[in-house]
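Visitor: Structure supplied as my_file_14.pdb; contents: PDB, C-alpha atoms.
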```pdb
ATOM      1  CA  MET A   1     -54.977-142.264 -43.292
ATOM      2  CA  SER A   2     -56.035-139.977 -46.148
ATOM      3  CA  GLN A   3     -59.644-139.808 -47.271
ATOM      4  CA  PHE A   4     -58.735-141.426 -50.581
ATOM      5  CA  ARG A   5     -57.221-144.426 -48.811
ATOM      6  CA  ARG A   6     -60.326-144.753 -46.631
ATOM      7  CA  VAL A   7     -62.587-144.633 -49.685
ATOM      8  CA  TRP A   8     -60.392-147.193 -51.418
ATOM      9  CA  ALA A   9     -60.429-149.490 -48.375
ATOM     10  CA  ILE A  10     -64.241-149.454 -48.200
ATOM     11  CA  SER A  11     -64.491-150.055 -51.934
ATOM     12  CA  LEU A  12     -61.975-152.902 -51.885
ATOM     13  CA  LYS A  13     -63.789-154.548 -48.974
ATOM     14  CA  ASP A  14     -67.077-154.482 -50.896
ATOM     15  CA  ILE A  15     -65.467-155.839 -54.053
ATOM     16  CA  GLU A  16     -63.873-158.728 -52.171
ATOM     17  CA  SER A  17     -66.956-159.464 -50.061
ATOM     18  CA  TYR A  18     -69.701-159.025 -52.650
ATOM     19  CA  TYR A  19     -68.881-157.971 -56.196
ATOM     20  CA  GLY A  20     -66.011-160.417 -56.626
ATOM     21  CA  LYS A  21     -68.191-163.459 -55.939
ATOM     22  CA  PRO A  22     -68.758-165.771 -58.951
ATOM     23  CA  PRO A  23     -72.596-165.443 -58.954
ATOM     24  CA  LEU A  24     -72.449-161.660 -59.198
ATOM     25  CA  ILE A  25     -69.707-161.741 -61.814
ATOM     26  CA  THR A  26     -71.759-164.204 -63.861
ATOM     27  CA  TRP A  27     -74.893-162.086 -63.532
ATOM     28  CA  GLY A  28     -72.983-158.966 -64.524
ATOM     29  CA  LEU A  29     -71.807-160.642 -67.735
ATOM     30  CA  LEU A  30     -74.944-162.619 -68.602
ATOM     31  CA  PHE A  31     -77.395-159.749 -68.172
ATOM     32  CA  PRO A  32     -75.913-157.539 -70.928
ATOM     33  CA  ALA A  33     -75.324-160.594 -73.131
ATOM     34  CA  VAL A  34     -79.003-161.547 -72.948
ATOM     35  CA  LEU A  35     -80.036-157.953 -73.678
ATOM     36  CA  LEU A  36     -77.772-157.806 -76.704
ATOM     37  CA  LEU A  37     -78.863-161.205 -78.014
ATOM     38  CA  SER A  38     -82.551-160.360 -77.701
ATOM     39  CA  VAL A  39     -82.071-157.174 -79.719
ATOM     40  CA  TYR A  40     -79.849-158.822 -82.332
ATOM     41  CA  VAL A  41     -82.214-161.753 -82.896
ATOM     42  CA  LYS A  42     -85.187-159.427 -83.292
ATOM     43  CA  ASP A  43     -83.571-157.114 -85.858
ATOM     44  CA  PRO A  44     -79.932-157.756 -86.858
ATOM     45  CA  ALA A  45     -79.980-154.830 -89.282
ATOM     46  CA  THR A  46     -80.530-152.114 -86.691
ATOM     47  CA  TYR A  47     -78.832-153.431 -83.567
ATOM     48  CA  LEU A  48     -75.915-150.992 -83.910
ATOM     49  CA  ALA A  49     -78.317-148.056 -83.734
ATOM     50  CA  ILE A  50     -79.397-148.996 -80.226
ATOM     51  CA  ALA A  51     -76.145-150.617 -79.051
ATOM     52  CA  PRO A  52     -75.219-147.495 -77.005
ATOM     53  CA  GLY A  53     -78.638-147.676 -75.381
ATOM     54  CA  ILE A  54     -78.090-151.327 -74.451
ATOM     55  CA  ILE A  55     -74.741-150.436 -72.876
ATOM     56  CA  ALA A  56     -76.434-147.639 -70.925
ATOM     57  CA  MET A  57     -79.141-150.080 -69.778
ATOM     58  CA  THR A  58     -76.417-152.407 -68.520
ATOM     59  CA  LEU A  59     -75.029-149.593 -66.384
ATOM     60  CA  LEU A  60     -78.476-148.532 -65.186
ATOM     61  CA  PHE A  61     -79.658-151.951 -64.029
ATOM     62  CA  GLY A  62     -76.298-153.313 -62.928
ATOM     63  CA  ASN A  63     -75.194-150.334 -60.852
ATOM     64  CA  THR A  64     -78.522-149.494 -59.243
ATOM     65  CA  SER A  65     -79.305-153.108 -58.387
ATOM     66  CA  MET A  66     -75.923-154.050 -56.959
ATOM     67  CA  ALA A  67     -75.480-150.849 -54.951
ATOM     68  CA  ALA A  68     -78.928-151.240 -53.412
ATOM     69  CA  ILE A  69     -78.518-154.967 -52.729
ATOM     70  CA  VAL A  70     -75.157-154.609 -50.984
ATOM     71  CA  VAL A  71     -76.229-151.773 -48.686
ATOM     72  CA  THR A  72     -79.584-153.393 -47.868
ATOM     73  CA  PHE A  73     -77.829-156.663 -47.057
ATOM     74  CA  GLU A  74     -75.315-154.880 -44.834
ATOM     75  CA  LYS A  75     -78.127-153.102 -42.999
ATOM     76  CA  ARG A  76     -79.742-156.443 -42.192
ATOM     77  CA  ALA A  77     -76.447-158.091 -41.220
ATOM     78  CA  GLY A  78     -75.404-155.193 -38.994
ATOM     79  CA  THR A  79     -72.129-154.539 -40.810
ATOM     80  CA  LEU A  80     -73.278-151.138 -42.048
ATOM     81  CA  GLN A  81     -73.994-150.029 -38.485
ATOM     82  CA  ARG A  82     -70.459-150.979 -37.475
ATOM     83  CA  LEU A  83     -69.101-149.022 -40.425
ATOM     84  CA  LEU A  84     -71.138-145.978 -39.385
ATOM     85  CA  LEU A  85     -69.655-146.182 -35.881
ATOM     86  CA  ALA A  86     -66.117-146.084 -37.273
ATOM     87  CA  PRO A  87     -64.264-142.732 -37.366
ATOM     88  CA  LEU A  88     -65.308-142.138 -40.970
ATOM     89  CA  SER A  89     -67.299-139.304 -42.489
ATOM     90  CA  MET A  90     -70.568-140.060 -44.266
ATOM     91  CA  ARG A  91     -69.046-138.718 -47.478
ATOM     92  CA  THR A  92     -66.199-141.229 -47.236
ATOM     93  CA  ILE A  93     -68.600-144.136 -46.739
ATOM     94  CA  VAL A  94     -70.858-143.054 -49.608
ATOM     95  CA  LEU A  95     -67.904-142.553 -51.954
ATOM     96  CA  GLY A  96     -66.481-145.957 -51.040
ATOM     97  CA  LYS A  97     -69.794-147.706 -51.663
ATOM     98  CA  ALA A  98     -70.350-145.806 -54.903
ATOM     99  CA  LEU A  99     -66.832-146.547 -56.154
ATOM    100  CA  SER A 100     -67.202-150.315 -55.754
ATOM    101  CA  ALA A 101     -70.637-150.344 -57.405
ATOM    102  CA  SER A 102     -69.319-148.149 -60.229
ATOM    103  CA  ALA A 103     -66.406-150.509 -60.821
ATOM    104  CA  TYR A 104     -68.806-153.450 -61.056
ATOM    105  CA  GLY A 105     -70.997-151.682 -63.611
ATOM    106  CA  LEU A 106     -68.016-150.495 -65.635
ATOM    107  CA  VAL A 107     -66.615-154.017 -65.924
ATOM    108  CA  SER A 108     -69.970-155.291 -67.227
ATOM    109  CA  ALA A 109     -70.338-152.397 -69.663
ATOM    110  CA  LEU A 110     -66.756-152.720 -70.922
ATOM    111  CA  ALA A 111     -67.192-156.461 -71.450
ATOM    112  CA  LEU A 112     -70.310-155.795 -73.521
ATOM    113  CA  THR A 113     -68.522-153.045 -75.460
ATOM    114  CA  LEU A 114     -65.650-155.398 -76.237
ATOM    115  CA  VAL A 115     -68.046-158.017 -77.598
ATOM    116  CA  LEU A 116     -69.813-155.413 -79.717
ATOM    117  CA  MET A 117     -66.518-154.181 -81.162
ATOM    118  CA  LEU A 118     -64.792-157.520 -81.777
ATOM    119  CA  VAL A 119     -67.728-159.705 -82.765
ATOM    120  CA  LEU A 120     -70.309-157.316 -84.187
ATOM    121  CA  ALA A 121     -67.953-154.612 -85.531
ATOM    122  CA  MET A 122     -69.327-151.684 -83.550
ATOM    123  CA  PRO A 123     -67.249-148.568 -84.329
ATOM    124  CA  LEU A 124     -65.713-146.437 -81.593
ATOM    125  CA  ALA A 125     -65.061-143.091 -83.240
ATOM    126  CA  ASN A 126     -64.493-141.015 -80.099
ATOM    127  CA  PRO A 127     -63.177-143.089 -77.180
ATOM    128  CA  PRO A 128     -62.824-140.150 -74.699
ATOM    129  CA  ILE A 129     -66.488-139.175 -75.056
ATOM    130  CA  PHE A 130     -67.531-142.824 -74.856
ATOM    131  CA  ALA A 131     -65.468-143.261 -71.683
ATOM    132  CA  ALA A 132     -67.018-140.095 -70.221
ATOM    133  CA  GLY A 133     -70.470-141.552 -70.835
ATOM    134  CA  LEU A 134     -69.542-144.793 -69.091
ATOM    135  CA  MET A 135     -68.117-143.002 -66.062
ATOM    136  CA  LEU A 136     -71.056-140.601 -65.812
ATOM    137  CA  GLY A 137     -73.509-143.498 -65.930
ATOM    138  CA  ALA A 138     -71.562-145.601 -63.457
ATOM    139  CA  GLY A 139     -71.375-142.776 -60.930
ATOM    140  CA  CYS A 140     -74.954-141.518 -61.257
ATOM    141  CA  PHE A 141     -76.580-144.935 -61.206
ATOM    142  CA  SER A 142     -74.501-146.143 -58.267
ATOM    143  CA  LEU A 143     -75.616-143.126 -56.241
ATOM    144  CA  LEU A 144     -79.208-143.776 -57.291
ATOM    145  CA  GLY A 145     -78.963-147.337 -55.994
ATOM    146  CA  LEU A 146     -77.471-146.125 -52.720
ATOM    147  CA  THR A 147     -80.261-143.574 -52.334
ATOM    148  CA  ALA A 148     -82.911-146.255 -52.792
ATOM    149  CA  SER A 149     -81.210-148.551 -50.290
ATOM    150  CA  VAL A 150     -81.459-146.077 -47.406
ATOM    151  CA  MET A 151     -85.239-145.807 -47.822
ATOM    152  CA  VAL A 152     -86.051-149.502 -47.411
ATOM    153  CA  ARG A 153     -85.309-152.480 -45.187
ATOM    154  CA  GLU A 154     -85.510-155.407 -47.632
ATOM    155  CA  VAL A 155     -83.878-156.101 -50.995
ATOM    156  CA  PHE A 156     -87.191-156.655 -52.783
ATOM    157  CA  GLU A 157     -88.393-153.272 -51.513
ATOM    158  CA  ALA A 158     -85.306-151.621 -52.981
ATOM    159  CA  MET A 159     -85.879-153.304 -56.350
ATOM    160  CA  THR A 160     -89.541-152.284 -56.367
ATOM    161  CA  LEU A 161     -88.644-148.691 -55.571
ATOM    162  CA  LEU A 162     -85.950-148.596 -58.250
ATOM    163  CA  ASN A 163     -88.263-150.073 -60.886
ATOM    164  CA  PHE A 164     -90.690-147.177 -60.424
ATOM    165  CA  PHE A 165     -87.858-145.015 -61.743
ATOM    166  CA  ARG A 166     -85.916-147.299 -64.069
ATOM    167  CA  PHE A 167     -88.584-148.606 -66.404
ATOM    168  CA  PRO A 168     -90.263-145.261 -67.201
ATOM    169  CA  ILE A 169     -86.973-143.543 -68.054
ATOM    170  CA  LEU A 170     -86.025-146.338 -70.464
ATOM    171  CA  PHE A 171     -88.706-145.074 -72.834
ATOM    172  CA  ILE A 172     -87.937-141.351 -72.626
ATOM    173  CA  SER A 173     -84.129-141.336 -72.599
ATOM    174  CA  GLY A 174     -83.282-142.279 -76.175
ATOM    175  CA  VAL A 175     -82.552-145.949 -75.499
ATOM    176  CA  PHE A 176     -85.008-147.360 -78.040
ATOM    177  CA  MET A 177     -85.726-144.298 -80.178
ATOM    178  CA  PRO A 178     -84.090-140.916 -80.823
ATOM    179  CA  LEU A 179     -85.200-138.071 -78.606
ATOM    180  CA  SER A 180     -86.393-136.235 -81.717
ATOM    181  CA  GLN A 181     -89.125-138.865 -82.154
ATOM    182  CA  LEU A 182     -90.562-138.390 -78.672
ATOM    183  CA  PRO A 183     -93.875-136.539 -78.270
ATOM    184  CA  TYR A 184     -93.244-132.889 -77.492
ATOM    185  CA  TRP A 185     -94.716-133.195 -73.992
ATOM    186  CA  LEU A 186     -92.231-135.940 -73.075
ATOM    187  CA  LYS A 187     -89.105-134.062 -74.135
ATOM    188  CA  PRO A 188     -88.893-131.897 -70.979
ATOM    189  CA  LEU A 189     -89.095-135.090 -68.899
ATOM    190  CA  ALA A 190     -86.307-136.645 -70.967
ATOM    191  CA  LEU A 191     -84.029-133.753 -70.041
ATOM    192  CA  THR A 192     -84.455-134.581 -66.348
ATOM    193  CA  SER A 193     -83.266-138.175 -66.807
ATOM    194  CA  PRO A 194     -79.569-138.928 -66.212
ATOM    195  CA  LEU A 195     -79.925-141.858 -68.607
ATOM    196  CA  THR A 196     -80.579-139.390 -71.439
ATOM    197  CA  TYR A 197     -77.140-137.821 -71.098
ATOM    198  CA  VAL A 198     -75.408-141.181 -70.756
ATOM    199  CA  VAL A 199     -77.044-142.462 -73.951
ATOM    200  CA  GLU A 200     -76.199-139.253 -75.802
ATOM    201  CA  LEU A 201     -72.531-139.420 -74.795
ATOM    202  CA  LEU A 202     -72.292-143.074 -75.801
ATOM    203  CA  ASN A 203     -73.969-142.308 -79.127
ATOM    204  CA  PHE A 204     -71.459-139.529 -79.811
ATOM    205  CA  GLY A 205     -68.685-141.928 -78.877
ATOM    206  CA  VAL A 206     -69.600-144.540 -81.471
ATOM    207  CA  THR A 207     -70.542-142.237 -84.372
TER     208      THR A 207
END
```
Would you mind writing the file out in C-alpha cells?
Guide:
Amino acid sequence: MSQFRRVWAISLKDIESYYGKPPLITWGLLFPAVLLLSVYVKDPATYLAIAPGIIAMTLLFGNTSMAAIVVTFEKRAGTLQRLLLAPLSMRTIVLGKALSASAYGLVSALALTLVLMLVLAMPLANPPIFAAGLMLGAGCFSLLGLTASVMVREVFEAMTLLNFFRFPILFISGVFMPLSQLPYWLKPLALTSPLTYVVELLNFGVT
C-alpha cells in the first residue's frame, strides 16, 4: 500500500469516526456563523473589512480544537497506541491526522465564505490566492492542534494550552486591525504568527 493510500485511510477513518458526527458538523457551522453575526450586528458598515479575519479565525479555532480533541481522545481510549503499533511511519500517521482535521476546517471556512458571498455580497477578486490562504491555514493550524495534543493527557489541558497561543495572536495578526496600525514593537511578533500570513492571503483574495 502506498504512503498516500495509508494517509488517506487514516484520514477517512477519523472523518467517519469523529468529524462526520452531527454534533461536530453542527459546531463547525455554528461557530463561524455566531462570529459573523456578532461582528455584523455590532457594525454592519465595516464587516467586510474584517470578513477575511473572521474566516481565518474559523480555521484557527476549528482546526486546532478538533485536531487536539481527536488525538487526546484516542490517547485515552487506547486507539492511538494501536495505530502506533501498526506498520506505519510517524510521518504517515501525522499526515493522516492533519489531513482529516484540515478537511474539517476547510468545510467550515468554505461554508462561511459561501454565506458571505451569497448573502452579504463579499467579493472574491482572486480565488487562487484566497484558496492558498485557506489551505495554508488549514494545514498550519491542524499541525498546531496535533502538537498541543501530544503534550497533554486531557482535552481541557489541550484547550488551555492552545488558548495561551490562540488568543494573543488574534490581536497581532491583522484580524481586527491592519498590521500598519500595530505598535512598532508588536510588528516583529506579528511576523512570527502563521495567522498573519493566512489573513494577508485572504485579504488579497477578496480585494
Visitor: Just give me the gap between CA of Tyr18 in chain A and CA of Val70 in chain A in Å, one decimal is fine.
Guide: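 Result for CA of Tyr18 in chain A versus CA of Val70 in chain A: 7.2 Å, one decimal.
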Visitor: What is the CA of Tyr104 in chain A-CA of Pro87 in chain A distance in Å, reported with one decimal?
Guide: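 These atoms are spaced 26.4 Å apart.
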Visitor: Would you list the residues near (-59.7, -142.3, -42.4), meaning any protein, DNA or RNA residue with an atom at most 10 Å from that point in file coordinates, counting all atoms listed in the file, as a PyMOL selection string?
Guide: chain A and resi 1-7+9+86-89+92
Visitor: Next, the residues of the selection above should be written as a compact mmCIF listing (two decimals), in the frame of the given file with C-alpha atoms.
Guide:
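Final file, selection_28.txt:
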```
# COMPACT_ATOMS: atom_id res chain seq x y z
CA MET A 1 -54.98 -142.26 -43.29
CA SER A 2 -56.04 -139.98 -46.15
CA GLN A 3 -59.64 -139.81 -47.27
CA PHE A 4 -58.74 -141.43 -50.58
CA ARG A 5 -57.22 -144.43 -48.81
CA ARG A 6 -60.33 -144.75 -46.63
CA VAL A 7 -62.59 -144.63 -49.68
CA ALA A 9 -60.43 -149.49 -48.38
CA ALA A 86 -66.12 -146.08 -37.27
CA PRO A 87 -64.26 -142.73 -37.37
CA LEU A 88 -65.31 -142.14 -40.97
CA SER A 89 -67.30 -139.30 -42.49
CA THR A 92 -66.20 -141.23 -47.24
```
Visitor: Skipping near chain neighbours, those fewer than 2 positions away, what residues fall within 12 Å of Ala131 in chain A using all atoms listed in the file, listed as a list in words?
Guide: Pro52, Ile55, Ala56, Leu106, Ala109, Leu110, Thr113, Leu124, Ala125, Asn126, Pro127, Pro128, Ile129, Gly133, Leu134, Met135, Leu136, Gly137, Ala138, Val198, Val199, Leu201, Leu202, Asn203, Phe204, Gly205 and Val206 of chain A
Visitor: Have a look at A:Asn63, A:Gln81, A:Thr72, A:Thr46 and name the one nearest to Val150 in chain A; count all atoms listed in the file.
Guide: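 Comparing A:Asn63, A:Gln81, A:Thr72, A:Thr46 against Val150 in chain A, the winner is A:Thr72.
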Visitor: For Ser65 in chain A, which residue out of A:Lys42, A:Arg91, A:Arg166, A:Arg82 is the nearest one, using all atoms listed in the file?
Guide: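 Closest to Ser65 in chain A of all the choices is A:Arg166.
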Visitor: Apply the PyMOL selection byres ((chain A and resi 54) around 12) to the structure shown and report the selected residues as a ChimeraX atom specification.
Guide: /A:31-40,47-53,55-62,108-110,112-113,116,170,173-177,195,198-199,202-203
Visitor: Have a look at CA of Gly145 in chain A and CA of Pro188 in chain A and let me know their distance in Å, one decimal.
Guide: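 These two atoms are separated by 23.7 Å.
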Visitor: Each side padded by 8 Å, which centre and which edge lengths in Å (one decimal) define the axis-aligned box around the listed atoms of range 145-151 of chain A? Give them as AutoDock Vina command-line options.
Guide:
```
--center_x -81.4 --center_y -146.1 --center_z -51.7 --size_x 23.8 --size_y 21.0 --size_z 24.6
```
Visitor: Apply the PyMOL selection byres ((chain A and resi 146) around 8) to the displayed file and report the matching residues as a PyMOL selection string.
Guide: chain A and resi 64+67-68+71+94+97-98+142-145+147-150
